[in-house]
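**Student:** After the structure tokens below, expect a handful of questions from me.
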Amino acid sequence: MKGRPGISLLVALLVAGLGMPALAQKPVKIGVLTPLSPPGDASAGQFIVRGAKMGAEDVNARGGVLGGRKIELVVEDDAGTPEKGAAGFRKLASQDQVVAVVGQFHSSVMTAAQVLAEQFKIPVFSTQASARGITEKHLNYTFRTHVIDPDRVQLWNRWIMERGFKRVALIAENTDYGVGLVEETKNFFKSMGVQAELKTIIFDRAVVDLTPQLLEIKNWKPHVVLNGGVGTPVYLIIKQAYDVGLFPAVPMLVSYDLPVRPEFWKNLGEKGNYVSFIVYYHPTMRLTGRGEAFRKKYMAEFKEDPIYGAFNGYAQVVLLADALNAARSDKGEDLVRALLANKFEGWNGTISFSRGEGPYWQQWTPPMLVTQYTRPEMPFAEVKIVFPPDLKTGDWAPGPKR
Amino acid sequence: MDPVLFSQYVLSGLVIGVIYSLMALGITFIYSIMKMINWGMGEFYMIGSYVQYALIVTLLGPDLWYVAVPLSMATVFLLGLVIQRFLLRPMFVGGIERRDEYATIITIALMVFFRNLAIVLGGPNQYAPPDYARPLTLGTLPISGNRFVALVGTLVLLALFYLVIKQTWVGRALRGAAQNRVGIQTAGIDVLRLDMVAFGIGVALAAAAGALLAPDFLVYPENGAISTFKGFEIIVIGGLGSVLGSVVGGVLLGVIEALGSVFVSASYKDLYGFLLLIALLVFRPTGLFGERERTV
């Protein structure tokens, strides 16, 4: 009998001692819903995950959020398909109870996920999904720190006008992204007064043989081809355009930064030379303190320059941590309020969200540049910026006729 | 319509159709002997492309790609033997009542397994072996050297297959098994061993397609899906169990898809083959060269 109060006290102390820190350290979970397997652009997803993980490590090294709680990432594969994306979002929201979701890459998946974000009241971030409709719907829980297609199309239209191309062919996949590019290009050709003919072809994303379409384009005698594929189709278009004698005699512009990836040259060899492509990051760019620290750490860890997807994945996790601290809460509504009311240090500038007109709703846009490879195996760090004129570091070069 | 351009469309469809027929031949051959559909055929195509890539990049180098093709086929042939022996043979010896369901479940499980194994081992990214040959012109058609090699390789394999089936003892036994599995056992032929050979040959044909098309259509975990899909369409068009039907069906599908995607819309390329397939099922349910099953 004598020992009982002592034992009870000991047990109580143990429970209190073990339980209190456990409660204090309950992590804040952030979901990373991104393509990690085909038919999604899995390579893009891997870079986003790398950046997001480093963002979480960075925040945790600085003491976490909300008074010492660690950030825990829950990574989920959306495989680039809306159905898997929706299932993944449901799992993150209901089972893992994440406070926000980042990593969205494919516009069609983001479109499915943002509906669920409203239902679950969890902010979802587009990391590289650029379709206009995503932010044009003016949903409360949808945020984007990536370019939107109207801006992308305006950039390439200005480039087309500068280069004096009079016949423009656009081959795009039948996804929200590809179809959006076609519609935006048609609209902006009129509104920007582009003095050029436009031919558009939308192909089924599952198709691997695009030879008939590329022969059709070649026969139309374009001055430039715009490559509106995502992932594997980008490579297939370049390869098959080369094989039918269309490219590099006719210039080709890839609509996003896929060519900066290490596997580009492995997959295409010399066929990838002279390709022009849009990027959102260039190694010569001036970065914020955060961006520069991330870049150094990334290079030390992966022995290569980070690419934009990694930067953006990193920045989204870090800004969410800042927003959690500003909100002093992990509730979705509070987080949205904090995201709208504050400014955050991104990788290359200050990120803020406002509820603007049309697609400029809870939207922050990084810079966009046109670059070009001019020799096989050219490292991205040596690539010249060829457009816009005020940021230009080199001249655009036409490819040889075969 | 420019006749040169039209001929280019037809030729491009014809080339890809012939190559697709290799896949269809594998499916229909396995069906003829084992009376089962191999739903995981695309994954043997995928494995063939990975083995080809691995052999070229690590062991043989880009100049010996033509050595890598038979080695890829042999690897997948052996894999096929093992799978048939341990996973599919039980449906013929274990007193299984619902053989079709058994084969369907096993081959779909294999499909999922191999696809995920490829992601685990090789990652989800695309790979491409170096080109087999420089681009060239075939008639009016500017064509990838790889595609031309694949076309020639397919024609050689089709000829070899025909010779083996028509001229060799094994070929006669396989034809016998296709006609009557019970009947050939009375002639002293081990039909279970024949099944192993048939399954191995069938999946090796798919691997050949994967290996030949690897530089053009890339190497990644789901690259077999589209060719399986085409393979099944072709065998229905050509007639299940017909070798000639596989080739003719492949060419028809290739040409119709090429013309439809240019003259109607590229967004619905897969639809044109299905329209042909539906029309055939309405007017000739056995396919172009298929025969009605006769039972006594």
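If you're wondering about the labels, chains in the structure tokens are A, B, ... by order shown, residues count from 1 in each chain, ligands from 1 in order shown.
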Quick one: everything within 12 Å of Thr145 (chain A), counting only C-alpha atoms, minus sequence neighbours fewer than 5 positions away in the same chain. Send it as JSON, numbers by chain.

**Tutor:** {"A": [102, 103, 104, 105, 124, 125, 126, 127, 128, 129, 130, 134, 135, 280, 308, 309, 311, 312, 313, 314, 315, 316, 317, 319, 344, 346, 347, 348, 349, 350, 351, 352, 353, 354, 360, 361, 362, 363, 364, 365, 366, 367]}

**Student:** Please report, as a list in words, each residue of region 94-181 of chain A to which DSSP assigns strand (DSSP E) when run on this structure's backbone.

**Tutor:**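 Secondary structure check on region 94-181 of chain A, strand (DSSP E): Ala100, Val101, Val102, Gly103, Gln104, Val124, Phe125, Ser126, Thr142, Phe143, Arg144, Arg167, Val168, Ala169, Leu170, Ile171, Ala172 and Glu173 of chain A.
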
**Student:** Among region 3-250 of chain A, which ones does DSSP place in alpha helix (DSSP H), written as number ranges by chain?

**Tutor:** A: 3-24, 42-61, 82-90, 107-120, 132-136, 149-163, 176-191, 211-220, 232-243

**Student:** Please return, as a PyMOL selection string, all residues of chain A lying within 9 Å of chain B when only C-alpha atoms are considered.

**Tutor:** chain A and resi 36-39+41-43+173-174+201-213+215-216+219+231-232+235-236+239-240+242-245+263+266-269

**Student:** Please compute the CA of Pro283 (chain A)-CA of Pro389 (chain A) distance, one decimal, in Å.

**Tutor:**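 Pair CA of Pro283 (chain A) / CA of Pro389 (chain A) returns 17.7 Å.
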
**Student:** Fewer than 5 positions away in the same chain doesn't count, so skip those; otherwise give me all residues within 10 Å of Lys26 (chain A), counting only C-alpha atoms, as a list in words.

**Tutor:**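 Answer for this query is Pro21, Gly68, Arg69, Lys70, Ile71 and Glu72 of chain A.
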
**Student:** Go ahead and compute the interatomic distance for CA of Met54 (chain A) and CA of Phe380 (chain A), in Å to one decimal.

**Tutor:**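 For CA of Met54 (chain A) relative to CA of Phe380 (chain A), the distance reads 22.0 Å.
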
**Student:** Excluding same-chain residues fewer than 4 positions from Met41 (chain B), what lies within 7 Å of it counting only C-alpha atoms, as a PyMOL selection string?

**Tutor:** chain B and resi 45+203+206+228

**Student:** Once you have the residues from the selection above, write them out as a compact mmCIF listing (two decimals), in the first residue's frame, restricted to C-alpha atoms.

**Tutor:**
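The resulting result-v8.txt:
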# COMPACT_ATOMS: atom_id res chain seq x y z
CA TYR B 45 7.12 -5.00 -74.99
CA VAL B 203 6.20 -12.57 -75.61
CA ALA B 206 6.44 -8.26 -78.23
CA THR B 228 -1.02 -3.65 -76.53

**Student:** Please, what distance in Å, to one decimal, runs between CA of Met252 (chain A) and CA of Val275 (chain A)?

**Tutor:**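 Computing it gives 5.6 Å between the two atoms.
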
**Student:** Please list as a PyMOL selection string every residue within 10 Å of Ala117 (chain A), counting only C-alpha atoms and excluding residues in the same chain fewer than 2 positions away.

**Tutor:** chain A and resi 86+89-90+93+100-101+110+112-115+119-125+139-142+332

**Student:** Can you tell me which residues surround region 80-88 of chain B at a distance of at most 8 Å, considering only C-alpha atoms, apart from same-chain residues fewer than 6 positions away, and format the answer as a PyMOL selection string?

**Tutor:** chain B and resi 103+106+195-197+199-201+203-204

**Student:** For N, CA and C atoms, I'd like the residues from the last selection saved as a short mmCIF file (atom, residue, chain, number, x, y, z; two decimals), in the first residue's frame.

**Tutor:**
data_model
loop_
_atom_site.label_atom_id
_atom_site.label_comp_id
_atom_site.auth_asym_id
_atom_site.auth_seq_id
_atom_site.Cartn_x
_atom_site.Cartn_y
_atom_site.Cartn_z
N ALA B 103 -6.53 -17.02 -66.36
CA ALA B 103 -5.52 -16.39 -67.23
C ALA B 103 -5.65 -14.87 -67.18
N ILE B 106 -4.22 -13.61 -63.80
CA ILE B 106 -2.76 -13.75 -63.74
C ILE B 106 -2.08 -12.71 -64.64
N ASP B 195 3.12 -25.43 -74.85
CA ASP B 195 2.57 -24.17 -74.33
C ASP B 195 3.68 -23.23 -73.89
N MET B 196 4.67 -23.81 -73.21
CA MET B 196 5.79 -22.99 -72.74
C MET B 196 6.50 -22.32 -73.90
N VAL B 197 6.75 -23.11 -74.93
CA VAL B 197 7.44 -22.58 -76.11
C VAL B 197 6.59 -21.49 -76.77
N PHE B 199 4.24 -19.59 -75.47
CA PHE B 199 4.18 -18.36 -74.67
C PHE B 199 5.49 -17.59 -74.78
N GLY B 200 6.59 -18.33 -74.73
CA GLY B 200 7.91 -17.69 -74.85
C GLY B 200 8.06 -16.98 -76.18
N ILE B 201 7.65 -17.67 -77.27
CA ILE B 201 7.78 -17.04 -78.60
C ILE B 201 6.87 -15.80 -78.69
N VAL B 203 5.72 -13.75 -76.35
CA VAL B 203 6.20 -12.57 -75.61
C VAL B 203 7.52 -12.05 -76.18
N ALA B 204 8.30 -12.96 -76.79
CA ALA B 204 9.56 -12.52 -77.42
C ALA B 204 9.26 -11.63 -78.62
#

**Student:** Would you please work out which residue, of B:Leu205, B:Leu253, B:Ala133, B:Leu240, is nearest to Phe289 (chain B) when using only C-alpha atoms?

**Tutor:**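 When distances to Phe289 (chain B) are compared using only C-alpha atoms, the smallest one comes from B:Leu240.
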
**Student:** List as a tab-separated table (two decimals) with N, CA and C atoms, in the first residue's frame the protein and nucleic acid residues near Thr81 (chain A), meaning an atom at most 9 Å away when only C-alpha atoms are counted, but skip any in the same chain fewer than 6 places from it.

**Tutor:**
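Produced file result_28.tsv, reproduced below:
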chain	number	residue	atom	x	y	z
A	35	PRO	N	2.95	14.70	-59.98
A	35	PRO	CA	3.11	13.48	-60.79
A	35	PRO	C	4.43	12.77	-60.51
A	39	PRO	N	1.11	8.32	-66.66
A	39	PRO	CA	1.40	9.20	-67.80
A	39	PRO	C	1.73	10.64	-67.41
A	40	GLY	N	1.84	10.93	-66.12
A	40	GLY	CA	2.21	12.28	-65.72
A	40	GLY	C	3.67	12.57	-66.04
A	106	HIS	N	0.13	19.31	-63.46
A	106	HIS	CA	-0.72	19.22	-64.64
A	106	HIS	C	-2.01	20.01	-64.42
A	108	SER	N	-4.92	19.76	-65.76
A	108	SER	CA	-6.15	18.96	-65.65
A	108	SER	C	-6.29	18.37	-64.25
A	109	VAL	N	-5.17	18.02	-63.63
A	109	VAL	CA	-5.21	17.48	-62.26
A	109	VAL	C	-5.54	18.60	-61.27
